[in-house]
Amino acid sequence: MTCLRGGNYTDFIIYKDEMTNYSPTRHQQQQDINSNKNSKINCFYKTKMASNNEIRIVLVGKTGAGKTTTMYKLLGKENPEAGFKSASSRTTECKIETVEKDGYRLVVVDTPGVDNTKLTEAAVKKEIVKCMTYAAPGPHVILYVLKAKHFTTEDCTAIEIIQKMFGGKESKNYTMALFTRGDDPEISIMEDKHMKAFCDQYYSFVSNGDVSELLNKIKDMVKENQFYTNDMFKKAQEVLEQEIKKKEVKGMTPKIATDDLARAVDVLLALTIGEPWKSVVDDVVNIVSKKVEQCATQ
């Protein structure tokens with residue numbers, strides 16, 4: 001499962017052309033995560049345009065799969081929630097962190113479990129918008145984090161939701177399955193028709209030492225495919241650029257900070273009544289609603 005397919009460059013060519021005009025800005029504000037629990041956006045700054053040494057990674061998967069642990073492994077940081085196994089320690093909102101590593105700027109977006117049936121329709125809508133905004137103009141890699149040795153119906157549902165969010169065939173070349181149990185997945189998992197339609201590649205985490213190898217695989221994917229985008233990511237990028245222009249008019253430094261991200265999310269939430277957002281949100285909400293009904297009858 002190591003083949004890399006070529007991506008479609010048409011969607012993001014306008015971003016690729018503009019990115020070459022900007023050098024990366026290496027300014028990152030550090031802050032204790034515990035003092036910023038309410039915002040869930042930890043000291044995030046984006047340059048005027050995404051630089052060509054930036055790698056944007058979106059972590060998706062079921063609740064408890066190890067997405068947050070994976071995020072901090074990738075960042076090389078200590079997980080402040082390590083050791084807490086209560087339901088309250090689960091990720092319920094999108095959060096974003098960045099780090100400069102080996103000449104690259106990693107932008108990692110952690111998302112709530114796609115099987116979280118406790119989120120309201122409004123919450124589901126907001127988290128979808130936040131994910132698109134944080135990863136704009138689009139993720140280089142979508143990491144589907146899982147630890148099951150057997151493919152289950154819950155995995156099928158999770159994949160269905162993720163495909164609704166990011167697109168099915170279009171996002172396949174940018175998706176990798178990441179197994180966090182530490183041993184290789186059974187062949188039957190990667191041969192499952194749902195998984196085969198979802199992604200071609202997988203990686204198995206054994207220890208912290210595997211982070212470099214995983215990042216190398218991700219870099220190979222980036223070289224082959226650049227990054228994935230769609231109409232929603234493009235709209236999110238457009239709104240972010242509008243926030244930057246407002247700062248330039250005021251003579252401020254053209255960077256995207258936490259308050260700008262929050263404003264962009266609010267603007268985009270107001271647009272979800274129309275396409276393309278409405279169809280995606282409605283589809284995801286319907287899938288989650290069916291899951292809630294199934295849980296209620298069991």
# chains A, B, ... in the order shown; residues from 1 in each chain; ligands from 1
$ residues_around --residues "Lys235 in chain A" --least-positions-apart "6" --cutoff "12 Å" --atoms "only C-alpha atoms" --output "MDAnalysis selection string"
chainID A and resid 129 132:133 135:138 229 241:242 264:265 267:269 271:272 275:277
$ residues_around --residues "Val145 in chain A" --least-positions-apart "4" --cutoff "7 Å" --atoms "only C-alpha atoms" --output "ChimeraX atom specification"
/A:59-61,65-67,177-179
$ write_last_selection --atoms "C-alpha atoms" --output "short mmCIF file (atom, residue, chain, number, x, y, z; two decimals), in the first residue's frame"
data_model
loop_
_atom_site.label_atom_id
_atom_site.label_comp_id
_atom_site.auth_asym_id
_atom_site.auth_seq_id
_atom_site.Cartn_x
_atom_site.Cartn_y
_atom_site.Cartn_z
CA LEU A 59 -6.63 14.57 12.07
CA VAL A 60 -9.98 12.79 11.77
CA GLY A 61 -11.44 9.63 13.27
CA ALA A 65 -8.84 6.76 18.49
CA GLY A 66 -5.80 8.77 19.59
CA LYS A 67 -6.10 11.90 17.44
CA ALA A 177 -4.94 5.70 7.58
CA LEU A 178 -2.89 5.88 10.78
CA PHE A 179 -3.09 2.90 13.15
#
$ residues_around --residues "Pro139 in chain A" --least-positions-apart "3" --cutoff "10 Å" --atoms "only C-alpha atoms" --output "ChimeraX atom specification"
/A:55-58,107-109,131-132,134-136,142-143,166,171,174-175,222,226-229,233
$ write_last_selection --atoms "N, CA and C atoms" --output "PDB file, in the first residue's frame"
ATOM      1  N   ILE A  55       3.153  22.519   5.964  1.00  0.00           N
ATOM      2  CA  ILE A  55       2.429  21.260   5.806  1.00  0.00           C
ATOM      3  C   ILE A  55       1.231  21.286   6.738  1.00  0.00           C
ATOM      4  N   ARG A  56       0.045  21.251   6.156  1.00  0.00           N
ATOM      5  CA  ARG A  56      -1.194  21.288   6.934  1.00  0.00           C
ATOM      6  C   ARG A  56      -1.759  19.877   7.051  1.00  0.00           C
ATOM      7  N   ILE A  57      -1.944  19.431   8.284  1.00  0.00           N
ATOM      8  CA  ILE A  57      -2.408  18.073   8.561  1.00  0.00           C
ATOM      9  C   ILE A  57      -3.713  18.147   9.343  1.00  0.00           C
ATOM     10  N   VAL A  58      -4.743  17.461   8.871  1.00  0.00           N
ATOM     11  CA  VAL A  58      -6.017  17.387   9.582  1.00  0.00           C
ATOM     12  C   VAL A  58      -6.193  15.970  10.118  1.00  0.00           C
ATOM     13  N   VAL A 107       1.302  22.613  10.550  1.00  0.00           N
ATOM     14  CA  VAL A 107       0.026  23.119  11.054  1.00  0.00           C
ATOM     15  C   VAL A 107      -0.865  21.897  11.247  1.00  0.00           C
ATOM     16  N   VAL A 108      -1.189  21.589  12.500  1.00  0.00           N
ATOM     17  CA  VAL A 108      -1.948  20.372  12.803  1.00  0.00           C
ATOM     18  C   VAL A 108      -3.313  20.748  13.369  1.00  0.00           C
ATOM     19  N   VAL A 109      -4.362  20.226  12.746  1.00  0.00           N
ATOM     20  CA  VAL A 109      -5.737  20.492  13.172  1.00  0.00           C
ATOM     21  C   VAL A 109      -6.328  19.214  13.752  1.00  0.00           C
ATOM     22  N   CYS A 131     -13.035  23.536  11.037  1.00  0.00           N
ATOM     23  CA  CYS A 131     -12.040  22.657  10.418  1.00  0.00           C
ATOM     24  C   CYS A 131     -11.605  23.211   9.069  1.00  0.00           C
ATOM     25  N   MET A 132     -12.564  23.629   8.261  1.00  0.00           N
ATOM     26  CA  MET A 132     -12.250  24.175   6.942  1.00  0.00           C
ATOM     27  C   MET A 132     -11.449  25.474   7.053  1.00  0.00           C
ATOM     28  N   TYR A 134      -9.488  26.502   9.694  1.00  0.00           N
ATOM     29  CA  TYR A 134      -8.155  26.272  10.253  1.00  0.00           C
ATOM     30  C   TYR A 134      -7.202  25.668   9.225  1.00  0.00           C
ATOM     31  N   ALA A 135      -7.736  24.837   8.317  1.00  0.00           N
ATOM     32  CA  ALA A 135      -6.878  24.139   7.354  1.00  0.00           C
ATOM     33  C   ALA A 135      -6.812  24.839   6.002  1.00  0.00           C
ATOM     34  N   ALA A 136      -7.467  25.997   5.860  1.00  0.00           N
ATOM     35  CA  ALA A 136      -7.461  26.722   4.581  1.00  0.00           C
ATOM     36  C   ALA A 136      -6.036  27.110   4.177  1.00  0.00           C
ATOM     37  N   ILE A 142      -4.880  14.316   5.065  1.00  0.00           N
ATOM     38  CA  ILE A 142      -5.969  14.004   5.987  1.00  0.00           C
ATOM     39  C   ILE A 142      -5.609  12.674   6.638  1.00  0.00           C
ATOM     40  N   LEU A 143      -5.298  12.708   7.926  1.00  0.00           N
ATOM     41  CA  LEU A 143      -4.904  11.492   8.647  1.00  0.00           C
ATOM     42  C   LEU A 143      -6.123  10.896   9.331  1.00  0.00           C
ATOM     43  N   PHE A 166     -15.091  16.109   3.175  1.00  0.00           N
ATOM     44  CA  PHE A 166     -13.955  16.465   2.327  1.00  0.00           C
ATOM     45  C   PHE A 166     -14.133  16.088   0.860  1.00  0.00           C
ATOM     46  N   SER A 171     -10.613  13.486  -2.478  1.00  0.00           N
ATOM     47  CA  SER A 171      -9.675  13.590  -1.351  1.00  0.00           C
ATOM     48  C   SER A 171      -8.881  12.312  -1.106  1.00  0.00           C
ATOM     49  N   TYR A 174      -5.077  12.250  -0.852  1.00  0.00           N
ATOM     50  CA  TYR A 174      -4.514  13.054   0.238  1.00  0.00           C
ATOM     51  C   TYR A 174      -4.814  12.443   1.609  1.00  0.00           C
ATOM     52  N   THR A 175      -5.349  11.232   1.621  1.00  0.00           N
ATOM     53  CA  THR A 175      -5.780  10.599   2.866  1.00  0.00           C
ATOM     54  C   THR A 175      -4.901   9.404   3.208  1.00  0.00           C
ATOM     55  N   VAL A 222       3.109  15.066  -0.023  1.00  0.00           N
ATOM     56  CA  VAL A 222       3.043  16.488  -0.369  1.00  0.00           C
ATOM     57  C   VAL A 222       3.769  16.755  -1.691  1.00  0.00           C
ATOM     58  N   GLN A 226       0.857  17.953  -3.695  1.00  0.00           N
ATOM     59  CA  GLN A 226       0.651  19.297  -3.150  1.00  0.00           C
ATOM     60  C   GLN A 226      -0.442  19.237  -2.081  1.00  0.00           C
ATOM     61  N   PHE A 227      -1.516  20.017  -2.209  1.00  0.00           N
ATOM     62  CA  PHE A 227      -2.545  19.928  -1.173  1.00  0.00           C
ATOM     63  C   PHE A 227      -3.941  19.840  -1.779  1.00  0.00           C
ATOM     64  N   TYR A 228      -4.881  19.359  -0.953  1.00  0.00           N
ATOM     65  CA  TYR A 228      -6.258  19.176  -1.395  1.00  0.00           C
ATOM     66  C   TYR A 228      -7.083  20.421  -1.094  1.00  0.00           C
ATOM     67  N   THR A 229      -7.962  20.770  -2.004  1.00  0.00           N
ATOM     68  CA  THR A 229      -8.870  21.877  -1.746  1.00  0.00           C
ATOM     69  C   THR A 229     -10.210  21.617  -2.415  1.00  0.00           C
ATOM     70  N   PHE A 233     -13.023  25.069   1.211  1.00  0.00           N
ATOM     71  CA  PHE A 233     -11.697  25.533   1.622  1.00  0.00           C
ATOM     72  C   PHE A 233     -11.347  26.844   0.921  1.00  0.00           C
TER      73      PHE A 233
END
$ select_by_dssp --residues "range 41-259 of chain A" --states "helix (DSSP H, G or I)" --output "ChimeraX atom specification"
/A:67-75,87-89,121-134,153-166,169-174,187-191,193-198,208-225,231-249,258-259
$ residues_around --residues "Asp283 in chain A" --least-positions-apart "4" --cutoff "8 Å" --atoms "only C-alpha atoms" --output "MDAnalysis selection string"
chainID A and resid 164 279 287
$ residues_around --residues "Thr180 in chain A" --least-positions-apart "6" --cutoff "12 Å" --atoms "only C-alpha atoms" --output "JSON, numbers by chain"
{"A": [61, 64, 65, 66, 67, 68, 69, 70, 71, 73, 143, 144, 145, 146, 147, 148, 149, 202, 203, 204, 205, 206, 207, 208, 210, 211, 214]}
$ write_last_selection --atoms "C-alpha atoms" --output "PDB file, in the first residue's frame"
ATOM      1  CA  GLY A  61     -11.441   9.627  13.270  1.00  0.00           C
ATOM      2  CA  GLY A  64     -10.838   7.810  21.554  1.00  0.00           C
ATOM      3  CA  ALA A  65      -8.842   6.757  18.491  1.00  0.00           C
ATOM      4  CA  GLY A  66      -5.805   8.767  19.590  1.00  0.00           C
ATOM      5  CA  LYS A  67      -6.097  11.897  17.440  1.00  0.00           C
ATOM      6  CA  THR A  68      -4.984  14.326  20.152  1.00  0.00           C
ATOM      7  CA  THR A  69      -2.095  12.073  21.204  1.00  0.00           C
ATOM      8  CA  THR A  70      -1.035  11.883  17.567  1.00  0.00           C
ATOM      9  CA  MET A  71      -1.183  15.674  17.239  1.00  0.00           C
ATOM     10  CA  LYS A  73       3.566  13.468  18.816  1.00  0.00           C
ATOM     11  CA  LEU A 143      -4.904  11.492   8.647  1.00  0.00           C
ATOM     12  CA  TYR A 144      -7.642   9.004   9.521  1.00  0.00           C
ATOM     13  CA  VAL A 145      -6.604   7.851  13.002  1.00  0.00           C
ATOM     14  CA  LEU A 146      -7.878   4.459  14.174  1.00  0.00           C
ATOM     15  CA  LYS A 147      -6.815   1.627  16.452  1.00  0.00           C
ATOM     16  CA  ALA A 148      -9.218  -1.169  15.571  1.00  0.00           C
ATOM     17  CA  LYS A 149      -7.718  -4.400  14.269  1.00  0.00           C
ATOM     18  CA  TYR A 202      -1.535   3.500   5.837  1.00  0.00           C
ATOM     19  CA  TYR A 203       1.038   3.776   8.594  1.00  0.00           C
ATOM     20  CA  SER A 204       1.308   2.076  11.981  1.00  0.00           C
ATOM     21  CA  PHE A 205       2.559   3.985  15.040  1.00  0.00           C
ATOM     22  CA  VAL A 206       4.770   1.933  17.363  1.00  0.00           C
ATOM     23  CA  SER A 207       6.664   4.565  19.343  1.00  0.00           C
ATOM     24  CA  ASN A 208       7.679   8.221  19.363  1.00  0.00           C
ATOM     25  CA  ASP A 210       8.199   6.589  14.362  1.00  0.00           C
ATOM     26  CA  VAL A 211       7.248  10.264  14.088  1.00  0.00           C
ATOM     27  CA  LEU A 214       5.583   9.207   9.435  1.00  0.00           C
TER      28      LEU A 214
END
$ atom_distance --atom1 "CA of Glu81 in chain A" --atom2 "CA of Cys156 in chain A"
28.4 Å
$ atom_distance --atom1 "CA of Ile162 in chain A" --atom2 "CA of Glu213 in chain A"
25.1 Å
$ select_by_dssp --residues "range 91-142 of chain A" --states "strand (DSSP E or B)" --output "PyMOL selection string"
chain A and resi 95-101+104-110+141-142
$ closest_residue --among "A:Glu248, A:Pro80, A:Arg105, A:Val124" --to "Thr92 in chain A" --atoms "only C-alpha atoms"
A:Val124
$ closest_residue --among "A:Gly167, A:Asp259, A:Ile128, A:Asp192" --to "Phe151 in chain A" --atoms "only C-alpha atoms"
A:Asp192
